[in-house]
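Heads up, the thing below is written out as structure tokens.
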Amino acid sequence: MTLSVVKELVLEWGSNSDTVLYRLQKSNILRFRIGATLLGAKVRLFTNYPVRGQFNRETFYELKWEYSLESDRTSYHTEVTVSVPGSFIFYFTDSDADTPPPSTAVGNGFFIVDPVLSIYGSPVPLDSIVCQTVISKLLGPIDLWRNRLMPAKECGYNMVHFTPIQALGSSNSAYSITDQLDLNPVFSSAGNQATFEKVEEILDELRDEHGILSICDIVLNHTANETVWLADQPAATYNLVNSPHLRPAFLLDRAIARMAQEIGEGKWKEIGIPEGIVDTAEQLEIIRKLLLETYIPVLRLEELFLVNVDSLVDEFSNRLSADSTRSGQVMGHLKIIQDPEFRRFGSRVDLDLALDIFNVGHSNVSSEKERKEACVNNFRECLQMLNRAQREELQIHLSVAVDNVIKGATYERLDPTGPKKYKCDIKNEFSTPYFTCPERKSLIDEMELIYEPQGSLCMAHNGWVMGDDPLRNFALPGSNVYLRRELVAWGDSVKLRFGEKPEDSPFLWKYMEEYTTTTARLFDGIRLDNCHSTPIHVASYMLDAARRIRPDLYVVAELFTSSEDKDNIFVNNLGITSLIREGLSAWDSHELGRLVYKYGGKPVGAFSSPSGYKTLRGEVAHALFLDWTHDNPSPVEKRTIEDMLPSAGLVSMASCAVGSNRGYDELVPHHIHVVTESRSYSDLQRMDLDSGMLKARRELSNLHIRLAVEGYTEVFVDQITKDMVAVTRHCPRTRQSVIMVAHTRFNHVNWENNLDTDLEIEGELDEILLEAKMVNTEPNTEFLRHDMFINGCTDWRAEVKVGSSDMIKMVPKPDEGKLKVDLACLVSGSFVVFSVKPVELHRLALKDLENLDEDHMEKIVSTLGLDDVQFALYQCDQEGRESGFGTYSFQNFGNLNYCGLAGLVPVLNQIAERNDLGHPIASNLREGDWLMEYIVNRLLSRPGTKELGLWLKSGFSPVTRLPRYLIPRYFHSIVARVYEALDAHSFSLMSTFANGSNLIKSLARGTVIHLAAVPSALLPPLSDTLDPKALSPPPTLAAGLPHFSTGYMRSWGRDTFISLRGLLLTTGQFTAARDIILGYASCLRHGLIPNLLDSGNNARFNCRDAIWWWLRAILDYIEIKEKGEEILDQPVIRLFPSDDQDELRKQIVQPLKDVIGEALKKHWEGLKFREWNAGKKIDEHMQDEGFNNQIGTDRSTGFIFGGN
């Protein structure tokens, strides 16, 4: 079971994160916290996660905020412990409404809770899935399924993906279903009727006896043309009655079909098109001309878009009136309003607007009759112009349509990689039809059909549109996809029309829900076919119903959005567990290696996260990475047969779910087509387990499962040569690695010479696990298809050796702690897998790190005073330079903000969250030990932190002995832990209030940052009789970092005493506060305290209000500290008992109350003076009169006036 890890998500105003994927595991605690942009808002948070009762997508629960202090908004948080898998919405508002709806949200998002799959009662990690696709119709009668599915077990698969098991349409496409609630009749045989119960029995046996889970496709977006219920439920499709906007596209479609029929009848032989044949580019150009000049004109398509000029002119004339003549300016332009029914000349214009525009006076007419005629003529000309523009726009659409038809035919008939069709007649369409419809004798009859009730049986086919927005329904009004022939249509299936809600098509929603829940009852998961074209609200509704049947439903889908953001919209809305990714999409070994790295795992040497807590960040969707998907040609057709083994090996090394297609392991060299293939799969008895790459697949499957279960979660991909790739799977717990080196062969060019090729690896050989290579056992043997069974190549097979290798040589390099792997004999079409463990030096270092005495470190930290904590954590560059250590600088990054760990660790934490191992700080750590030496030497230089420096020196010692790639990870773990201990200890030295919310703590850290004893900016001398004794050396408050942190610029009177209450009194630093109050009191002169203290040496007295902030701070001290009034009797060593610069200075000691009295008395009496040493010596920028000060008190109000 997953540990209860807290994952925190900070909410910010305007964060609409439907494209960001937040993944959670069962038992995770999701914590929401208010971000900075919401501190002033009345934030209310809602989610449809079922905190009570059953999940309902439309039911939202308000989450109540918890806080440490009600007035402190930064402490507001709320938590949800997730245990229900699926997709859930959250939104937050700034509203006083009783139940503000999602439409009022100021931010929203989704979170996904992954399902937990199990085999034999134990959870199956998603990354351990090895899935094989079978085309269900090829399994044959159900009594043969067990034998025909057993190759999956023999090859080590732990999941089987079934294409739809329902009855199929006449095309026999695996995805054209004719009855969603009945099984494919091919599963039944004489005396053995297939039933859903029998399917369930086999699936349970697969899971319970053989450890194989099952998933099955559901097809929601379309149904077969022959679907049994379509005649009774035509409203469930996009047809010419409920979707009249498709009427023009339907007519064009029928014209193309009629042309094909007439080509089959030989009508166009005289112009160069043979009877029933189209197979040359010249013929295609003739057909282009036929469509544009012969067939399309017959349709009179423009009439469906144009206005009836005469009719509208008559209406306009009848409404013309002199009384309504326009006198002012009219806003807007006249345009054609398309008739929604697409009747011929049924479009209109806005006549009210037309009257406003054209019913105007004319200066060149002599009568009202002539004026009206002029208005009518202008209106008529406008309508004719609008019709011309409409014709031109339609002509553009039709030109594009014809061009797309010709392009499609070029691929299907001429392209060497296409299906090479050549027949063209009534049964062999020239272009895949866009509609299915009742037969009519002629094109003229079909033109009338569009307005008849039987038009409801003219239904639009489904398909996909290359480059289209997947979130747009291309069959809705406003889309020209069907008219422009931009659809890659599936001529055997019609697109289903669900509407926006179940009430829009009750039968369809209910029927498809039963279909979906039946599938969920039988299978462990669902593959959502044609996901990118399935309306999201429909798929979401159906999957919600499926999860009510099987809560831990595994949902996979393949998306073709070409956008990770859009992928995430589907994943978020539907709760997709894994997205199918294709290894066959890689064009070379480098790209395949990139995909292996992209789709799973952290980088080797990744930083560790604090146990029990993580920031919730967006992720890449979990992948089901397949070396061959069932809707693609065979890898033999796209690459080479030799490459099937190494490419399968590389895919299996991905740290995600992986899989393949039935036929890959048998080396089937052709596309096992979901439509045209009718032969059956072989059963186990017909198969030679030594043939193909069956044994190799079993080893790869077992290896993949083992790596996932044992926690080999880190991945590194190394492109050794153009065709040779090494993939490392690394276990962060044991620091062992499993490495595959694969020699691919993507094409038939000559093998590359790898005589001098080798690979150097940190560590020593643990064992050789496996090697395999493709061997041509019968050269020059032609592949022969079996008539009844799908068979593979017999002249090639994968030769497998377990536990040793003949193709590589291992050369230990113990002095360097490395292993050299000689790859000179690693032939093309092979791979080798071996495991590596750390050398003894590294193992001992790791052991030392495991045994690091953190308790001792915390004990050391607990003895530090606040000044030592400030040194260990902070110190800006100027402060550090006085101590001998400025801030550390990194190449390509610059200086840290602080010399101490607070300058480093927060940056490292950000690097760790992103696992940015390429960051300059990580590079610095890999390249040398300089940063560790800097930290240790700096701490050793100060007596108070020496013990901590020694502990870190001991802790860093094993880090320096590690492989360099691991140093950033372990260095971060140590310094982060010390940083946390120091930070926590600093709060133990402060008041209870300072130990409040995150905001209060952040503010309280300002105490530690700004309070320090800086040698160049100490306080003036303090009395030895103080009780408690003055801090030594006495700290001061920096006016600002870094520029006001040292020397005479550090201590400013007004800055110090404005901040003293918050930085020192509120946090309980009373001794430091007392010392600073008395230190400034010692410099009182002219009734003022210094604006610039400068340890009393060259104090400046040019600030009128610093004295009053000082007095306010004394009052605060007395009010906040217990017995604080005792400060009034504390001795002050007066440095300037006289205001006269020339008078002999003699220190005197006075109680603070006398100093206060003197300050007040001088202000009451008024004071006038010129600063001592006035001139450029003390301020080279001040004008001369600026050194003159005159301050008094208004006797009637007590207000102070004057200044310099």
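Every chain in the structure tokens has a letter given in the order shown (A, B, ...), and although residue numbers restart at 1 in each chain, ligands are simply numbered from 1 in the order shown.
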- Task: Show which residues sit within 12 Å of Thr781 in chain A, as an NGL selection string. Count only C-alpha atoms, and ignore same-chain residues fewer than 4 positions away.
- Result: :A and (776-777 or 793-796)
Output for the residues just chosen: N, CA and C atoms as a compact mmCIF listing (two decimals), in the first residue's frame:
```txt
# COMPACT_ATOMS: atom_id res chain seq x y z
N ASN A 776 19.91 -15.56 -38.67
CA ASN A 776 19.26 -16.01 -39.90
C ASN A 776 19.57 -17.48 -40.09
N THR A 777 18.59 -18.33 -39.78
CA THR A 777 18.83 -19.78 -39.80
C THR A 777 18.68 -20.37 -41.19
N CYS A 793 8.00 -15.32 -39.64
CA CYS A 793 9.15 -15.79 -40.42
C CYS A 793 9.81 -16.97 -39.71
N THR A 794 10.14 -17.94 -40.50
CA THR A 794 10.82 -19.13 -39.93
C THR A 794 12.32 -19.11 -40.17
N ASP A 795 12.79 -18.16 -40.97
CA ASP A 795 14.21 -18.14 -41.30
C ASP A 795 15.02 -17.28 -40.33
N TRP A 796 14.34 -16.63 -39.41
CA TRP A 796 15.02 -15.83 -38.41
C TRP A 796 14.52 -16.24 -37.02
```
- Query: Quick one: residues within 7 Å of range 611-628 of chain A, only C-alpha atoms counted, chain neighbours fewer than 5 positions away excluded, as a ChimeraX atom specification?
  - Reply: /A:4-9,20-22,577-584,599,648,651,656-661
Generate the output file for the selected residues, N, CA and C atoms, as a PDB file, in the first residue's frame.
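File result23.pdb, as written:
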```pdb
ATOM      1  N   SER A   4       1.236   7.225   3.251  1.00  0.00           N
ATOM      2  CA  SER A   4       0.432   8.452   3.310  1.00  0.00           C
ATOM      3  C   SER A   4       1.337   9.657   3.121  1.00  0.00           C
ATOM      4  N   VAL A   5       1.685   9.925   1.884  1.00  0.00           N
ATOM      5  CA  VAL A   5       2.526  11.058   1.554  1.00  0.00           C
ATOM      6  C   VAL A   5       1.645  12.284   1.390  1.00  0.00           C
ATOM      7  N   VAL A   6       2.054  13.397   1.989  1.00  0.00           N
ATOM      8  CA  VAL A   6       1.348  14.660   1.819  1.00  0.00           C
ATOM      9  C   VAL A   6       1.852  15.329   0.550  1.00  0.00           C
ATOM     10  N   LYS A   7       0.928  15.674  -0.348  1.00  0.00           N
ATOM     11  CA  LYS A   7       1.281  16.412  -1.554  1.00  0.00           C
ATOM     12  C   LYS A   7       0.525  17.738  -1.522  1.00  0.00           C
ATOM     13  N   GLU A   8       1.290  18.814  -1.513  1.00  0.00           N
ATOM     14  CA  GLU A   8       0.703  20.139  -1.291  1.00  0.00           C
ATOM     15  C   GLU A   8       0.577  20.917  -2.595  1.00  0.00           C
ATOM     16  N   LEU A   9      -0.601  21.489  -2.797  1.00  0.00           N
ATOM     17  CA  LEU A   9      -0.873  22.306  -3.970  1.00  0.00           C
ATOM     18  C   LEU A   9      -1.242  23.712  -3.505  1.00  0.00           C
ATOM     19  N   VAL A  20      -2.773  20.982 -16.821  1.00  0.00           N
ATOM     20  CA  VAL A  20      -1.719  20.509 -15.920  1.00  0.00           C
ATOM     21  C   VAL A  20      -2.200  19.218 -15.260  1.00  0.00           C
ATOM     22  N   LEU A  21      -1.359  18.200 -15.297  1.00  0.00           N
ATOM     23  CA  LEU A  21      -1.727  16.888 -14.776  1.00  0.00           C
ATOM     24  C   LEU A  21      -1.160  16.696 -13.376  1.00  0.00           C
ATOM     25  N   TYR A  22      -2.049  16.596 -12.396  1.00  0.00           N
ATOM     26  CA  TYR A  22      -1.657  16.295 -11.016  1.00  0.00           C
ATOM     27  C   TYR A  22      -2.063  14.851 -10.722  1.00  0.00           C
ATOM     28  N   THR A 577      -5.508   6.583 -17.133  1.00  0.00           N
ATOM     29  CA  THR A 577      -4.371   6.119 -16.337  1.00  0.00           C
ATOM     30  C   THR A 577      -3.082   6.155 -17.147  1.00  0.00           C
ATOM     31  N   SER A 578      -3.143   5.647 -18.373  1.00  0.00           N
ATOM     32  CA  SER A 578      -1.936   5.571 -19.211  1.00  0.00           C
ATOM     33  C   SER A 578      -2.284   5.970 -20.635  1.00  0.00           C
ATOM     34  N   LEU A 579      -1.385   6.728 -21.248  1.00  0.00           N
ATOM     35  CA  LEU A 579      -1.529   7.064 -22.660  1.00  0.00           C
ATOM     36  C   LEU A 579      -0.641   6.140 -23.491  1.00  0.00           C
ATOM     37  N   ILE A 580      -1.194   5.609 -24.550  1.00  0.00           N
ATOM     38  CA  ILE A 580      -0.433   4.723 -25.426  1.00  0.00           C
ATOM     39  C   ILE A 580       0.581   5.547 -26.218  1.00  0.00           C
ATOM     40  N   ARG A 581       1.816   5.102 -26.188  1.00  0.00           N
ATOM     41  CA  ARG A 581       2.891   5.740 -26.947  1.00  0.00           C
ATOM     42  C   ARG A 581       3.532   4.684 -27.841  1.00  0.00           C
ATOM     43  N   GLU A 582       3.972   5.108 -29.007  1.00  0.00           N
ATOM     44  CA  GLU A 582       4.443   4.158 -30.007  1.00  0.00           C
ATOM     45  C   GLU A 582       5.954   4.219 -30.193  1.00  0.00           C
ATOM     46  N   GLY A 583       6.616   3.103 -29.921  1.00  0.00           N
ATOM     47  CA  GLY A 583       8.041   3.024 -30.197  1.00  0.00           C
ATOM     48  C   GLY A 583       8.326   3.046 -31.686  1.00  0.00           C
ATOM     49  N   LEU A 584       7.348   2.597 -32.473  1.00  0.00           N
ATOM     50  CA  LEU A 584       7.540   2.534 -33.915  1.00  0.00           C
ATOM     51  C   LEU A 584       7.542   3.915 -34.555  1.00  0.00           C
ATOM     52  N   TYR A 599       9.430   8.749 -21.349  1.00  0.00           N
ATOM     53  CA  TYR A 599       8.172   8.189 -20.870  1.00  0.00           C
ATOM     54  C   TYR A 599       8.250   7.516 -19.511  1.00  0.00           C
ATOM     55  N   ALA A 648      12.671  -3.991 -29.345  1.00  0.00           N
ATOM     56  CA  ALA A 648      11.807  -4.510 -28.275  1.00  0.00           C
ATOM     57  C   ALA A 648      12.531  -4.446 -26.940  1.00  0.00           C
ATOM     58  N   VAL A 651      12.533  -0.766 -25.654  1.00  0.00           N
ATOM     59  CA  VAL A 651      11.214  -0.394 -25.129  1.00  0.00           C
ATOM     60  C   VAL A 651      10.977  -1.034 -23.772  1.00  0.00           C
ATOM     61  N   CYS A 656       8.081   2.525 -17.380  1.00  0.00           N
ATOM     62  CA  CYS A 656       6.647   2.794 -17.491  1.00  0.00           C
ATOM     63  C   CYS A 656       5.999   1.480 -17.913  1.00  0.00           C
ATOM     64  N   ALA A 657       4.698   1.477 -18.105  1.00  0.00           N
ATOM     65  CA  ALA A 657       4.064   0.296 -18.667  1.00  0.00           C
ATOM     66  C   ALA A 657       4.537   0.122 -20.108  1.00  0.00           C
ATOM     67  N   VAL A 658       4.748  -1.129 -20.531  1.00  0.00           N
ATOM     68  CA  VAL A 658       5.203  -1.393 -21.892  1.00  0.00           C
ATOM     69  C   VAL A 658       4.333  -2.480 -22.493  1.00  0.00           C
ATOM     70  N   GLY A 659       4.529  -2.713 -23.778  1.00  0.00           N
ATOM     71  CA  GLY A 659       3.733  -3.754 -24.400  1.00  0.00           C
ATOM     72  C   GLY A 659       4.075  -3.944 -25.854  1.00  0.00           C
ATOM     73  N   SER A 660       3.292  -4.824 -26.483  1.00  0.00           N
ATOM     74  CA  SER A 660       3.533  -5.176 -27.879  1.00  0.00           C
ATOM     75  C   SER A 660       2.224  -5.670 -28.475  1.00  0.00           C
ATOM     76  N   ASN A 661       2.315  -6.085 -29.715  1.00  0.00           N
ATOM     77  CA  ASN A 661       1.167  -6.591 -30.451  1.00  0.00           C
ATOM     78  C   ASN A 661       1.395  -8.064 -30.783  1.00  0.00           C
TER      79      ASN A 661
END
```
- State, in Å with one decimal place, the distance from CA of Phe162 in chain A to CA of Arg639 in chain A. 26.1 Å
- Which residue, A:Ser533, A:Ser1051, A:Asn1173, A:Gln338, has the smallest gap to Asp350 in chain A when you use only C-alpha atoms?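 Of A:Ser533, A:Ser1051, A:Asn1173, A:Gln338, the one nearest Asp350 in chain A is A:Gln338, counting only C-alpha atoms.
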Using only C-alpha atoms, I'd like a table of the residues in range 457-556 of chain A that come within 10 Å of range 87-105 of chain A; for each, show the closest atom pair and its distance in Å rounded to one decimal, ordered by chain and ascending number, as a Markdown table.
```
| residue | atom | partner | partner_atom | distance |
| --- | --- | --- | --- | --- |
| A:Ser540 | CA | A:Ser87 | CA | 9.1 |
| A:Leu543 | CA | A:Ser87 | CA | 9.9 |
| A:Asp544 | CA | A:Ser87 | CA | 9.1 |
```
- Query: What's the 7 Å shell around range 418-432 of chain A, counting only C-alpha atoms, without same-chain residues fewer than 4 positions away, as an MDAnalysis selection string?
  - Reply: chainID A and resid 257 260:261 263:264 276:279 405 409 411:414 489 491
- Non-local contacts of Val975 in chain A (9 Å; only C-alpha atoms; under 3 positions in same chain excluded) as a count of residues only: 10
- Message: List the spatial neighbours of range 705-710 of chain A as a list in words - criterion: any atom at most 9 Å away, only C-alpha atoms, same-chain residues fewer than 4 positions off excluded.
- Response: Val124, Pro125, Leu126, Asp127, Ser128, Ile129, Val130, Asn158, Met653, Ser655, Cys656, Leu700, Ser701, Arg729, His730, Cys731 and Val738 of chain A
Go ahead and write the selection's residues with N, CA, C and O atoms as a compact mmCIF listing (two decimals), in the first residue's frame.
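And here is the file that came out, selection_23.txt:
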```txt
# COMPACT_ATOMS: atom_id res chain seq x y z
N VAL A 124 -0.15 -4.49 -8.38
CA VAL A 124 0.69 -4.51 -9.57
C VAL A 124 1.10 -3.08 -9.89
O VAL A 124 0.26 -2.27 -10.27
N PRO A 125 2.38 -2.74 -9.71
CA PRO A 125 2.79 -1.37 -10.07
C PRO A 125 2.47 -1.07 -11.53
O PRO A 125 2.67 -1.93 -12.40
N LEU A 126 1.99 0.12 -11.79
CA LEU A 126 1.66 0.47 -13.18
C LEU A 126 2.87 0.35 -14.09
O LEU A 126 2.74 -0.03 -15.26
N ASP A 127 4.05 0.65 -13.54
CA ASP A 127 5.27 0.58 -14.36
C ASP A 127 5.70 -0.85 -14.65
O ASP A 127 6.61 -1.06 -15.45
N SER A 128 5.06 -1.82 -14.00
CA SER A 128 5.44 -3.22 -14.23
C SER A 128 4.57 -3.89 -15.28
O SER A 128 4.77 -5.06 -15.60
N ILE A 129 3.60 -3.17 -15.83
CA ILE A 129 2.70 -3.77 -16.82
C ILE A 129 3.46 -4.11 -18.10
O ILE A 129 4.24 -3.31 -18.61
N VAL A 130 3.21 -5.32 -18.59
CA VAL A 130 3.70 -5.75 -19.90
C VAL A 130 2.48 -6.27 -20.64
O VAL A 130 1.97 -7.35 -20.33
N ASN A 158 1.80 -9.74 -18.52
CA ASN A 158 0.89 -9.78 -17.37
C ASN A 158 -0.40 -9.01 -17.64
O ASN A 158 -1.18 -8.75 -16.73
N MET A 653 12.98 -1.59 -21.51
CA MET A 653 13.79 -0.97 -20.46
C MET A 653 13.20 0.35 -19.99
O MET A 653 13.74 0.98 -19.07
N SER A 655 10.92 2.87 -17.97
CA SER A 655 10.35 2.81 -16.62
C SER A 655 8.90 3.28 -16.66
O SER A 655 8.53 4.30 -16.08
N CYS A 656 8.08 2.53 -17.38
CA CYS A 656 6.65 2.79 -17.49
C CYS A 656 6.00 1.48 -17.91
O CYS A 656 6.68 0.46 -18.04
N LEU A 700 12.66 -10.58 -21.48
CA LEU A 700 12.46 -9.13 -21.40
C LEU A 700 11.29 -8.78 -20.49
O LEU A 700 11.35 -7.82 -19.71
N SER A 701 10.21 -9.55 -20.59
CA SER A 701 9.04 -9.29 -19.74
C SER A 701 9.39 -9.48 -18.27
O SER A 701 9.05 -8.64 -17.42
N ARG A 729 18.95 1.23 -16.01
CA ARG A 729 17.90 1.33 -14.99
C ARG A 729 18.61 1.19 -13.65
O ARG A 729 19.31 0.21 -13.39
N HIS A 730 18.41 2.18 -12.80
CA HIS A 730 19.19 2.29 -11.57
C HIS A 730 18.26 2.26 -10.37
O HIS A 730 17.19 2.88 -10.38
N CYS A 731 18.67 1.55 -9.33
CA CYS A 731 17.89 1.46 -8.10
C CYS A 731 18.46 2.42 -7.07
O CYS A 731 19.60 2.23 -6.61
N VAL A 738 20.99 -1.98 -13.73
CA VAL A 738 20.84 -2.97 -14.78
C VAL A 738 20.96 -2.22 -16.10
O VAL A 738 20.25 -1.24 -16.33
```
- Item | Long-range neighbours of Leu203 in chain A as a ChimeraX atom specification, 12 Å cut-off, only C-alpha atoms, 4 positions minimum in chain | /A:142,145-146,149,159-162,196-199,207-216,519,521-525
